[in-house]
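Next up, model04.txt (compact mmCIF, N, CA and C atoms):
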```txt
# COMPACT_ATOMS: atom_id res chain seq x y z
N MET Q 1 156.22 2.78 -150.26
CA MET Q 1 157.57 2.53 -149.81
C MET Q 1 158.29 3.83 -149.44
N ARG Q 2 158.07 4.89 -150.23
CA ARG Q 2 158.72 6.17 -149.98
C ARG Q 2 158.30 6.73 -148.62
N THR Q 3 157.02 6.61 -148.26
CA THR Q 3 156.54 7.09 -146.98
C THR Q 3 157.20 6.35 -145.84
N VAL Q 4 157.40 5.05 -145.99
CA VAL Q 4 158.06 4.25 -144.96
C VAL Q 4 159.51 4.71 -144.78
N GLN Q 5 160.22 4.98 -145.88
CA GLN Q 5 161.60 5.44 -145.79
C GLN Q 5 161.67 6.79 -145.08
N ILE Q 6 160.77 7.70 -145.41
CA ILE Q 6 160.76 9.02 -144.79
C ILE Q 6 160.47 8.89 -143.30
N THR Q 7 159.50 8.04 -142.95
CA THR Q 7 159.15 7.84 -141.54
C THR Q 7 160.31 7.26 -140.76
N ILE Q 8 160.99 6.26 -141.31
CA ILE Q 8 162.14 5.66 -140.63
C ILE Q 8 163.23 6.70 -140.45
N PHE Q 9 163.52 7.47 -141.49
CA PHE Q 9 164.56 8.51 -141.41
C PHE Q 9 164.20 9.51 -140.32
N PHE Q 10 162.94 9.93 -140.30
CA PHE Q 10 162.48 10.89 -139.31
C PHE Q 10 162.69 10.35 -137.90
N LEU Q 11 162.28 9.11 -137.66
CA LEU Q 11 162.38 8.52 -136.33
C LEU Q 11 163.82 8.34 -135.88
N LEU Q 12 164.71 7.97 -136.80
CA LEU Q 12 166.09 7.68 -136.44
C LEU Q 12 166.96 8.92 -136.30
N PHE Q 13 166.77 9.91 -137.17
CA PHE Q 13 167.73 11.00 -137.23
C PHE Q 13 167.18 12.37 -136.87
N ILE Q 14 165.94 12.64 -137.17
CA ILE Q 14 165.42 13.98 -136.98
C ILE Q 14 164.71 14.12 -135.63
N LEU Q 15 163.88 13.18 -135.28
CA LEU Q 15 163.11 13.28 -134.05
C LEU Q 15 163.98 13.45 -132.81
N PRO Q 16 165.08 12.70 -132.64
CA PRO Q 16 165.90 12.91 -131.44
C PRO Q 16 166.39 14.35 -131.30
N THR Q 17 166.76 14.98 -132.39
CA THR Q 17 167.20 16.38 -132.34
C THR Q 17 166.03 17.28 -131.91
N ALA Q 18 164.86 17.03 -132.46
CA ALA Q 18 163.70 17.86 -132.17
C ALA Q 18 163.24 17.70 -130.72
N LEU Q 19 163.38 16.52 -130.16
CA LEU Q 19 162.92 16.28 -128.80
C LEU Q 19 163.70 17.09 -127.76
N PHE Q 20 164.95 17.37 -128.05
CA PHE Q 20 165.79 18.06 -127.09
C PHE Q 20 165.95 19.54 -127.42
N SER Q 21 165.06 20.06 -128.22
CA SER Q 21 165.16 21.44 -128.64
C SER Q 21 163.84 22.15 -128.45
N THR Q 22 163.90 23.41 -128.10
CA THR Q 22 162.69 24.20 -127.95
C THR Q 22 162.73 25.45 -128.81
N GLU Q 23 163.80 25.66 -129.52
CA GLU Q 23 163.95 26.89 -130.29
C GLU Q 23 163.14 26.84 -131.58
N LYS Q 24 162.62 28.01 -131.96
CA LYS Q 24 161.85 28.11 -133.19
C LYS Q 24 162.68 27.71 -134.40
N GLU Q 25 163.97 28.04 -134.39
CA GLU Q 25 164.85 27.67 -135.49
C GLU Q 25 164.84 26.16 -135.73
N ASP Q 26 164.88 25.39 -134.65
CA ASP Q 26 164.89 23.94 -134.79
C ASP Q 26 163.56 23.42 -135.32
N GLU Q 27 162.47 24.05 -134.93
CA GLU Q 27 161.15 23.66 -135.45
C GLU Q 27 161.07 23.95 -136.95
N LEU Q 28 161.58 25.12 -137.35
CA LEU Q 28 161.58 25.46 -138.77
C LEU Q 28 162.51 24.52 -139.56
N SER Q 29 163.65 24.17 -138.96
CA SER Q 29 164.57 23.24 -139.61
C SER Q 29 163.90 21.89 -139.83
N LEU Q 30 163.20 21.41 -138.83
CA LEU Q 30 162.50 20.14 -138.93
C LEU Q 30 161.45 20.19 -140.03
N ALA Q 31 160.70 21.28 -140.08
CA ALA Q 31 159.68 21.43 -141.13
C ALA Q 31 160.33 21.46 -142.51
N ALA Q 32 161.47 22.14 -142.63
CA ALA Q 32 162.17 22.22 -143.92
C ALA Q 32 162.67 20.85 -144.34
N VAL Q 33 163.21 20.09 -143.41
CA VAL Q 33 163.71 18.75 -143.72
C VAL Q 33 162.56 17.86 -144.16
N LEU Q 34 161.46 17.89 -143.44
CA LEU Q 34 160.31 17.05 -143.81
C LEU Q 34 159.75 17.43 -145.17
N GLU Q 35 159.66 18.73 -145.44
CA GLU Q 35 159.17 19.19 -146.74
C GLU Q 35 160.10 18.74 -147.85
N SER Q 36 161.41 18.86 -147.63
CA SER Q 36 162.36 18.44 -148.66
C SER Q 36 162.27 16.94 -148.91
N LEU Q 37 162.09 16.16 -147.85
CA LEU Q 37 161.96 14.70 -148.01
C LEU Q 37 160.71 14.33 -148.81
N SER Q 38 159.67 15.13 -148.67
CA SER Q 38 158.44 14.85 -149.42
C SER Q 38 158.64 15.05 -150.92
N LEU Q 39 159.69 15.77 -151.31
CA LEU Q 39 159.97 16.04 -152.73
C LEU Q 39 160.92 15.01 -153.35
N LYS Q 40 161.38 14.05 -152.55
CA LYS Q 40 162.30 13.03 -153.06
C LYS Q 40 161.68 12.36 -154.29
N GLY Q 41 162.48 12.23 -155.34
CA GLY Q 41 162.00 11.64 -156.58
C GLY Q 41 161.48 12.65 -157.60
N THR Q 42 161.33 13.91 -157.19
CA THR Q 42 160.89 14.95 -158.12
C THR Q 42 161.95 15.10 -159.21
N PRO Q 43 161.53 15.29 -160.46
CA PRO Q 43 162.51 15.41 -161.55
C PRO Q 43 163.42 16.64 -161.43
N TYR Q 44 164.61 16.51 -162.01
CA TYR Q 44 165.53 17.64 -162.12
C TYR Q 44 165.13 18.45 -163.35
N ILE Q 45 164.95 19.75 -163.15
CA ILE Q 45 164.71 20.69 -164.25
C ILE Q 45 165.56 21.92 -163.98
N LEU Q 46 166.49 22.22 -164.87
CA LEU Q 46 167.33 23.40 -164.72
C LEU Q 46 166.45 24.64 -164.62
N GLY Q 47 166.63 25.41 -163.57
CA GLY Q 47 165.84 26.61 -163.35
C GLY Q 47 164.52 26.36 -162.65
N GLY Q 48 164.20 25.09 -162.38
CA GLY Q 48 162.94 24.75 -161.75
C GLY Q 48 162.87 25.14 -160.29
N THR Q 49 161.70 25.62 -159.86
CA THR Q 49 161.52 26.03 -158.47
C THR Q 49 160.24 25.47 -157.86
N GLY Q 50 159.60 24.51 -158.53
CA GLY Q 50 158.34 23.99 -158.02
C GLY Q 50 158.28 22.48 -158.04
N PRO Q 51 157.21 21.92 -157.54
CA PRO Q 51 157.11 20.47 -157.38
C PRO Q 51 157.10 19.68 -158.70
N ARG Q 52 156.94 20.34 -159.84
CA ARG Q 52 157.03 19.63 -161.12
C ARG Q 52 158.47 19.36 -161.54
N GLY Q 53 159.39 20.15 -161.00
CA GLY Q 53 160.80 19.98 -161.29
C GLY Q 53 161.62 21.06 -160.62
N LEU Q 54 162.81 20.66 -160.16
CA LEU Q 54 163.66 21.57 -159.40
C LEU Q 54 165.11 21.38 -159.79
N ASP Q 55 165.89 22.46 -159.69
CA ASP Q 55 167.34 22.31 -159.70
C ASP Q 55 167.79 22.47 -158.26
N CYS Q 56 169.09 22.40 -158.00
CA CYS Q 56 169.57 22.36 -156.61
C CYS Q 56 169.19 23.62 -155.82
N SER Q 57 169.47 24.79 -156.37
CA SER Q 57 169.14 26.01 -155.65
C SER Q 57 167.64 26.28 -155.68
N GLY Q 58 166.96 25.75 -156.68
CA GLY Q 58 165.50 25.84 -156.73
C GLY Q 58 164.85 25.05 -155.61
N LEU Q 59 165.43 23.90 -155.26
CA LEU Q 59 164.94 23.12 -154.13
C LEU Q 59 165.05 23.94 -152.84
N VAL Q 60 166.22 24.51 -152.62
CA VAL Q 60 166.43 25.34 -151.43
C VAL Q 60 165.47 26.52 -151.42
N TYR Q 61 165.33 27.17 -152.56
CA TYR Q 61 164.45 28.33 -152.67
C TYR Q 61 162.99 27.92 -152.41
N HIS Q 62 162.57 26.81 -152.98
CA HIS Q 62 161.20 26.32 -152.80
C HIS Q 62 160.89 26.06 -151.33
N ILE Q 63 161.86 25.49 -150.62
CA ILE Q 63 161.66 25.13 -149.22
C ILE Q 63 161.72 26.35 -148.30
N TYR Q 64 162.70 27.22 -148.51
CA TYR Q 64 162.98 28.28 -147.54
C TYR Q 64 162.43 29.66 -147.87
N ALA Q 65 162.17 29.98 -149.12
CA ALA Q 65 161.72 31.34 -149.46
C ALA Q 65 160.47 31.79 -148.70
N PRO Q 66 159.53 30.89 -148.42
CA PRO Q 66 158.35 31.35 -147.67
C PRO Q 66 158.66 31.85 -146.25
N VAL Q 67 159.79 31.43 -145.67
CA VAL Q 67 160.10 31.83 -144.29
C VAL Q 67 161.39 32.63 -144.14
N VAL Q 68 162.18 32.70 -145.19
CA VAL Q 68 163.46 33.43 -145.13
C VAL Q 68 163.40 34.59 -146.12
N ALA Q 69 163.25 35.78 -145.57
CA ALA Q 69 163.13 36.97 -146.41
C ALA Q 69 164.42 37.19 -147.20
N SER Q 70 164.28 37.59 -148.42
CA SER Q 70 165.36 37.94 -149.35
C SER Q 70 166.35 36.80 -149.62
N LEU Q 71 165.88 35.57 -149.54
CA LEU Q 71 166.74 34.44 -149.89
C LEU Q 71 167.08 34.50 -151.37
N PRO Q 72 168.37 34.47 -151.71
CA PRO Q 72 168.75 34.48 -153.13
C PRO Q 72 168.34 33.19 -153.84
N ARG Q 73 168.28 33.23 -155.15
CA ARG Q 73 167.86 32.07 -155.94
C ARG Q 73 169.04 31.18 -156.34
N ARG Q 74 170.21 31.75 -156.62
CA ARG Q 74 171.34 30.97 -157.13
C ARG Q 74 172.20 30.40 -156.00
N ALA Q 75 172.80 29.23 -156.24
CA ALA Q 75 173.63 28.56 -155.23
C ALA Q 75 174.77 29.45 -154.75
N ILE Q 76 175.46 30.11 -155.65
CA ILE Q 76 176.59 30.95 -155.27
C ILE Q 76 176.14 32.08 -154.34
N ASP Q 77 174.96 32.64 -154.60
CA ASP Q 77 174.43 33.70 -153.76
C ASP Q 77 173.91 33.15 -152.43
N GLN Q 78 173.34 31.96 -152.46
CA GLN Q 78 172.89 31.32 -151.22
C GLN Q 78 174.08 31.03 -150.31
N TYR Q 79 175.23 30.73 -150.90
CA TYR Q 79 176.44 30.47 -150.12
C TYR Q 79 176.91 31.71 -149.35
N LYS Q 80 176.61 32.87 -149.87
CA LYS Q 80 177.01 34.13 -149.22
C LYS Q 80 175.97 34.60 -148.21
N PHE Q 81 174.87 33.88 -148.10
CA PHE Q 81 173.72 34.26 -147.27
C PHE Q 81 173.76 33.49 -145.95
N GLY Q 82 173.34 34.09 -144.88
CA GLY Q 82 173.25 33.38 -143.60
C GLY Q 82 174.56 33.35 -142.84
N THR Q 83 174.66 32.38 -141.94
CA THR Q 83 175.80 32.27 -141.03
C THR Q 83 176.63 31.04 -141.37
N PRO Q 84 177.95 31.17 -141.48
CA PRO Q 84 178.80 30.00 -141.75
C PRO Q 84 178.72 28.98 -140.62
N VAL Q 85 178.81 27.71 -141.00
CA VAL Q 85 178.80 26.60 -140.05
C VAL Q 85 180.06 25.79 -140.30
N SER Q 86 180.82 25.52 -139.25
CA SER Q 86 182.06 24.76 -139.43
C SER Q 86 181.76 23.30 -139.77
N LYS Q 87 182.68 22.70 -140.52
CA LYS Q 87 182.52 21.31 -140.94
C LYS Q 87 182.42 20.43 -139.70
N GLY Q 88 181.43 19.55 -139.71
CA GLY Q 88 181.19 18.68 -138.58
C GLY Q 88 180.17 19.24 -137.60
N SER Q 89 179.81 20.52 -137.76
CA SER Q 89 178.83 21.16 -136.88
C SER Q 89 177.49 21.37 -137.56
N GLU Q 90 177.30 20.80 -138.74
CA GLU Q 90 176.06 20.97 -139.48
C GLU Q 90 174.90 20.37 -138.69
N LYS Q 91 173.75 21.07 -138.77
CA LYS Q 91 172.53 20.58 -138.15
C LYS Q 91 171.49 20.37 -139.26
N PRO Q 92 170.52 19.48 -139.03
CA PRO Q 92 169.47 19.31 -140.02
C PRO Q 92 168.85 20.65 -140.39
N GLY Q 93 168.71 20.87 -141.68
CA GLY Q 93 168.17 22.12 -142.20
C GLY Q 93 169.23 23.08 -142.69
N ASP Q 94 170.49 22.89 -142.30
CA ASP Q 94 171.57 23.73 -142.81
C ASP Q 94 171.77 23.46 -144.30
N LEU Q 95 172.32 24.43 -145.00
CA LEU Q 95 172.63 24.25 -146.41
C LEU Q 95 174.08 23.81 -146.54
N VAL Q 96 174.33 22.84 -147.41
CA VAL Q 96 175.69 22.38 -147.68
C VAL Q 96 176.02 22.69 -149.14
N PHE Q 97 177.24 23.16 -149.37
CA PHE Q 97 177.63 23.67 -150.68
C PHE Q 97 178.83 22.93 -151.25
N PHE Q 98 178.86 22.87 -152.59
CA PHE Q 98 179.88 22.11 -153.30
C PHE Q 98 180.36 22.88 -154.51
N ASN Q 99 181.61 22.60 -154.90
CA ASN Q 99 182.19 23.11 -156.13
C ASN Q 99 182.27 21.92 -157.09
N THR Q 100 181.28 21.81 -157.96
CA THR Q 100 181.21 20.65 -158.86
C THR Q 100 181.76 20.94 -160.26
N GLU Q 101 182.11 22.19 -160.50
CA GLU Q 101 182.58 22.54 -161.85
C GLU Q 101 184.00 23.11 -161.84
N GLY Q 102 184.64 23.15 -160.67
CA GLY Q 102 186.03 23.53 -160.60
C GLY Q 102 186.33 25.00 -160.49
N TRP Q 103 185.33 25.86 -160.35
CA TRP Q 103 185.64 27.29 -160.31
C TRP Q 103 184.96 28.06 -159.20
N THR Q 104 183.83 27.61 -158.68
CA THR Q 104 183.13 28.33 -157.60
C THR Q 104 182.05 27.41 -157.03
N VAL Q 105 181.28 27.91 -156.10
CA VAL Q 105 180.15 27.15 -155.57
C VAL Q 105 179.13 26.98 -156.69
N THR Q 106 178.82 25.73 -156.99
CA THR Q 106 177.89 25.45 -158.09
C THR Q 106 176.77 24.49 -157.71
N HIS Q 107 176.79 24.00 -156.46
CA HIS Q 107 175.77 23.03 -156.06
C HIS Q 107 175.44 23.22 -154.58
N VAL Q 108 174.17 23.00 -154.23
CA VAL Q 108 173.71 23.16 -152.85
C VAL Q 108 172.72 22.05 -152.52
N GLY Q 109 172.71 21.66 -151.26
CA GLY Q 109 171.75 20.70 -150.76
C GLY Q 109 171.34 21.08 -149.34
N ILE Q 110 170.38 20.34 -148.81
CA ILE Q 110 169.89 20.58 -147.45
C ILE Q 110 170.36 19.42 -146.58
N TYR Q 111 171.10 19.75 -145.52
CA TYR Q 111 171.64 18.74 -144.63
C TYR Q 111 170.51 18.07 -143.85
N LEU Q 112 170.56 16.74 -143.77
CA LEU Q 112 169.52 15.97 -143.09
C LEU Q 112 169.97 15.42 -141.74
N GLY Q 113 171.26 15.30 -141.55
CA GLY Q 113 171.80 14.66 -140.36
C GLY Q 113 172.52 13.39 -140.77
N ASP Q 114 173.33 12.85 -139.87
CA ASP Q 114 174.06 11.59 -140.12
C ASP Q 114 174.84 11.62 -141.43
N GLN Q 115 175.45 12.77 -141.74
CA GLN Q 115 176.28 12.95 -142.93
C GLN Q 115 175.50 12.79 -144.24
N ARG Q 116 174.21 12.98 -144.23
CA ARG Q 116 173.38 12.86 -145.42
C ARG Q 116 172.76 14.21 -145.76
N PHE Q 117 172.51 14.41 -147.05
CA PHE Q 117 171.86 15.64 -147.50
C PHE Q 117 170.96 15.30 -148.68
N ILE Q 118 169.96 16.15 -148.87
CA ILE Q 118 169.03 15.98 -150.00
C ILE Q 118 169.31 17.11 -150.98
N HIS Q 119 169.26 16.77 -152.26
CA HIS Q 119 169.60 17.76 -153.28
C HIS Q 119 169.02 17.35 -154.62
N ALA Q 120 169.09 18.24 -155.58
CA ALA Q 120 168.64 17.96 -156.95
C ALA Q 120 169.86 17.58 -157.77
N ALA Q 121 170.00 16.30 -158.05
CA ALA Q 121 171.13 15.79 -158.82
C ALA Q 121 170.84 15.93 -160.31
N SER Q 122 171.88 16.27 -161.07
CA SER Q 122 171.72 16.45 -162.50
C SER Q 122 172.66 15.55 -163.30
N GLY Q 123 173.19 14.52 -162.66
CA GLY Q 123 174.16 13.65 -163.31
C GLY Q 123 173.55 12.69 -164.32
N ILE Q 124 174.41 11.95 -164.98
CA ILE Q 124 173.97 10.97 -165.97
C ILE Q 124 173.30 9.78 -165.29
N LYS Q 125 173.91 9.30 -164.21
CA LYS Q 125 173.39 8.12 -163.52
C LYS Q 125 172.23 8.46 -162.59
N THR Q 126 172.29 9.61 -161.96
CA THR Q 126 171.28 10.00 -160.98
C THR Q 126 170.75 11.38 -161.31
N LYS Q 127 169.43 11.46 -161.46
CA LYS Q 127 168.78 12.74 -161.74
C LYS Q 127 167.57 12.90 -160.85
N GLY Q 128 167.35 14.12 -160.41
CA GLY Q 128 166.18 14.42 -159.60
C GLY Q 128 166.55 14.62 -158.14
N ILE Q 129 165.53 14.74 -157.31
CA ILE Q 129 165.73 14.96 -155.89
C ILE Q 129 166.11 13.62 -155.24
N VAL Q 130 167.32 13.59 -154.69
CA VAL Q 130 167.87 12.36 -154.10
C VAL Q 130 168.56 12.69 -152.78
N ILE Q 131 168.84 11.63 -152.02
CA ILE Q 131 169.61 11.75 -150.80
C ILE Q 131 170.98 11.18 -151.07
N SER Q 132 172.01 11.91 -150.67
CA SER Q 132 173.40 11.47 -150.86
C SER Q 132 174.16 11.63 -149.55
N SER Q 133 175.37 11.08 -149.52
CA SER Q 133 176.21 11.15 -148.34
C SER Q 133 177.35 12.16 -148.54
N LEU Q 134 177.59 12.94 -147.51
CA LEU Q 134 178.73 13.86 -147.55
C LEU Q 134 180.05 13.11 -147.59
N THR Q 135 180.05 11.85 -147.16
CA THR Q 135 181.28 11.06 -147.14
C THR Q 135 181.55 10.35 -148.46
N ALA Q 136 180.60 10.40 -149.39
CA ALA Q 136 180.84 9.82 -150.72
C ALA Q 136 182.00 10.58 -151.35
N PRO Q 137 182.94 9.88 -151.99
CA PRO Q 137 184.11 10.55 -152.55
C PRO Q 137 183.77 11.77 -153.42
N TYR Q 138 182.78 11.66 -154.28
CA TYR Q 138 182.44 12.77 -155.16
C TYR Q 138 182.13 14.03 -154.35
N TYR Q 139 181.30 13.90 -153.33
CA TYR Q 139 180.88 15.08 -152.56
C TYR Q 139 181.92 15.50 -151.53
N SER Q 140 182.59 14.57 -150.89
CA SER Q 140 183.58 14.96 -149.88
C SER Q 140 184.73 15.74 -150.51
N GLN Q 141 185.09 15.42 -151.74
CA GLN Q 141 186.18 16.13 -152.43
C GLN Q 141 185.75 17.51 -152.92
N ARG Q 142 184.46 17.72 -153.03
CA ARG Q 142 183.95 18.98 -153.59
C ARG Q 142 183.26 19.86 -152.55
N TYR Q 143 183.22 19.41 -151.31
CA TYR Q 143 182.56 20.15 -150.24
C TYR Q 143 183.25 21.50 -150.03
N VAL Q 144 182.46 22.58 -149.99
CA VAL Q 144 182.99 23.92 -149.81
C VAL Q 144 182.66 24.45 -148.42
N GLY Q 145 181.46 24.17 -147.93
CA GLY Q 145 181.07 24.67 -146.62
C GLY Q 145 179.59 24.56 -146.40
N ALA Q 146 179.15 25.04 -145.23
CA ALA Q 146 177.73 25.01 -144.87
C ALA Q 146 177.33 26.37 -144.33
N ARG Q 147 176.05 26.65 -144.44
CA ARG Q 147 175.49 27.90 -143.93
C ARG Q 147 174.18 27.59 -143.21
N ARG Q 148 173.90 28.36 -142.19
CA ARG Q 148 172.63 28.29 -141.48
C ARG Q 148 171.86 29.54 -141.88
N ILE Q 149 170.67 29.34 -142.46
CA ILE Q 149 169.96 30.50 -143.01
C ILE Q 149 168.68 30.85 -142.26
N LEU Q 150 168.27 30.02 -141.33
CA LEU Q 150 167.02 30.31 -140.64
C LEU Q 150 167.21 31.41 -139.61
N PRO Q 151 166.15 32.21 -139.43
CA PRO Q 151 166.24 33.35 -138.49
C PRO Q 151 166.39 32.89 -137.04
```
In structure tokens, how does this file's structure come out?
Amino acid sequence: MRTVQITIFFLLFILPTALFSTEKEDELSLAAVLESLSLKGTPYILGGTGPRGLDCSGLVYHIYAPVVASLPRRAIDQYKFGTPVSKGSEKPGDLVFFNTEGWTVTHVGIYLGDQRFIHAASGIKTKGIVISSLTAPYYSQRYVGARRILP
């Protein structure tokens, strides 16, 4: 069932973007999105950076560190890395950031398109790698910004 969901998502939201693009950045973004989708359902582990368990910035680090030199490990540092993207201009593969604890950037996810992002949730009701909506009240109220980190 998970493979079917990933395939449908790819066909509806990611493939159209890839068809009209020839830039290496877009190819890398597509690869990052597909890799992140393959991790859906992976358990949440604070400090985790591998397929046995990940936290939010660990997911980003796991996906991007092989291709992005000097990518920081923590969400707050990842927020300072790369190029800012204005709200509404996010592209698949961009990082989206949130203030979930009331004092600074504390959460990060990978934008998928269609106002959706994949991230490592650590909540009581939802834990692990999941897909959420930027328009959900919890995330829309805590949205801080987006960054593009691919070369």
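Distance annotation: of Q:Lys40, Q:Lys91, Q:His119, Q:Arg74, the residue with the minimal separation from Thr106 in chain Q is Q:Arg74; atom set is all atoms listed in the file.
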Write out as a PyMOL selection string the residues lying within 6.5 Å of Cys56 in chain Q, counting all atoms listed in the file and excluding same-chain residues fewer than 6 positions away. chain Q and resi 107-109+119-121
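Computed from the coordinates, the atom N of Asp26 in chain Q to CA of Gln115 in chain Q distance equals 18.8 Å.
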Taking the backbone alone, and naming residues the way the document does, which bits of range 5-124 of chain Q are helix (DSSP H, G or I) by DSSP, as a VMD selection string? chain Q and resid 5 to 19 24 to 38 56 to 64 75 to 79
Name the closest residue to Leu37 in chain Q among the candidates Q:Val144, Q:Tyr64, Q:Ile118, Q:Gly113; distances are taken between atoms, counting all atoms listed in the file.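 Of Q:Val144, Q:Tyr64, Q:Ile118, Q:Gly113, the one nearest Leu37 in chain Q is Q:Ile118, counting all atoms listed in the file.
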With all atoms listed in the file as the basis for distance, which of Q:Ile149, Q:Pro43, Q:Tyr139, Q:Leu59 is at the shortest distance from Asn99 in chain Q? Q:Tyr139
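Those residues in range 31-116 of chain Q carrying a DSSP assignment of strand (DSSP E or B), computed from the backbone, are Tyr44, Thr49, Gly50, Gly53, Leu54, Thr83, Pro84, Val85, Leu95, Val96, Phe97, Phe98, His107, Val108, Gly109, Ile110, Tyr111, Leu112, Gly113 and Arg116 of chain Q.
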Figure out the distance between CA of Phe97 in chain Q and CA of Ser140 in chain Q, please, to one decimal in Å.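 Taking CA of Ser140 in chain Q and CA of Phe97 in chain Q, their separation equals 10.6 Å.
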Considering only N, CA and C atoms, can you say which of Q:Arg148, Q:Gly41, Q:Lys24, Q:Leu34 comes closest to Ile131 in chain Q?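 Ranked by minimum distance to Ile131 in chain Q, first place goes to Q:Gly41.
Environment of (158.0, 20.2, -153.7): residues at most 6 Å away, judged by all atoms listed in the file, are Q:Ser38, Q:Leu39, Q:Gly50, Q:Pro51.
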Identify the residues around (165.3, 28.6, -154.2) within a radius of 6 Å, measuring from all atoms listed in the file in the coordinates stated by the file, and give them as a ChimeraX atom specification. /Q:57-63,72-73
Between atom N of Thr126 in chain Q and atom C of Gly93 in chain Q, what is the spacing in Å?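 Going from atom C of Gly93 in chain Q over to atom N of Thr126 in chain Q, I get 23.7 Å.
Proximity to Thr100 in chain Q was assessed for Q:Ser70, Q:Gln78, Q:Ser86, Q:Gln141 counting all atoms listed in the file; the smallest distance is recorded for Q:Gln141.
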Near-Thr83 in chain Q list (12 Å; only C-alpha atoms; drop same-chain fewer than 5 positions) as a ChimeraX atom specification: /Q:78,90,94-96,145-151
As a compact mmCIF listing (two decimals), in the coordinates of the input, could you write out range 43-54 of chain Q once it has been completed with N, CA, C and O atoms?
```txt
# COMPACT_ATOMS: atom_id res chain seq x y z
N PRO Q 43 161.53 15.29 -160.46
CA PRO Q 43 162.51 15.41 -161.55
C PRO Q 43 163.42 16.64 -161.43
O PRO Q 43 163.04 17.65 -160.85
N TYR Q 44 164.61 16.51 -162.01
CA TYR Q 44 165.53 17.64 -162.12
C TYR Q 44 165.13 18.45 -163.35
O TYR Q 44 164.99 17.93 -164.45
N ILE Q 45 164.95 19.75 -163.15
CA ILE Q 45 164.71 20.69 -164.25
C ILE Q 45 165.56 21.92 -163.98
O ILE Q 45 165.39 22.58 -162.95
N LEU Q 46 166.49 22.22 -164.87
CA LEU Q 46 167.33 23.40 -164.72
C LEU Q 46 166.45 24.64 -164.62
O LEU Q 46 165.59 24.87 -165.47
N GLY Q 47 166.63 25.41 -163.57
CA GLY Q 47 165.84 26.61 -163.35
C GLY Q 47 164.52 26.36 -162.65
O GLY Q 47 163.79 27.29 -162.34
N GLY Q 48 164.20 25.09 -162.38
CA GLY Q 48 162.94 24.75 -161.75
C GLY Q 48 162.87 25.14 -160.29
O GLY Q 48 163.86 25.01 -159.56
N THR Q 49 161.70 25.62 -159.86
CA THR Q 49 161.52 26.03 -158.47
C THR Q 49 160.24 25.47 -157.86
O THR Q 49 159.82 25.90 -156.79
N GLY Q 50 159.60 24.51 -158.53
CA GLY Q 50 158.34 23.99 -158.02
C GLY Q 50 158.28 22.48 -158.04
O GLY Q 50 159.22 21.83 -158.51
N PRO Q 51 157.21 21.92 -157.54
CA PRO Q 51 157.11 20.47 -157.38
C PRO Q 51 157.10 19.68 -158.70
O PRO Q 51 157.29 18.47 -158.68
N ARG Q 52 156.94 20.34 -159.84
CA ARG Q 52 157.03 19.63 -161.12
C ARG Q 52 158.47 19.36 -161.54
O ARG Q 52 158.74 18.47 -162.32
N GLY Q 53 159.39 20.15 -161.00
CA GLY Q 53 160.80 19.98 -161.29
C GLY Q 53 161.62 21.06 -160.62
O GLY Q 53 161.18 22.20 -160.51
N LEU Q 54 162.81 20.66 -160.16
CA LEU Q 54 163.66 21.57 -159.40
C LEU Q 54 165.11 21.38 -159.79
O LEU Q 54 165.52 20.29 -160.15
```
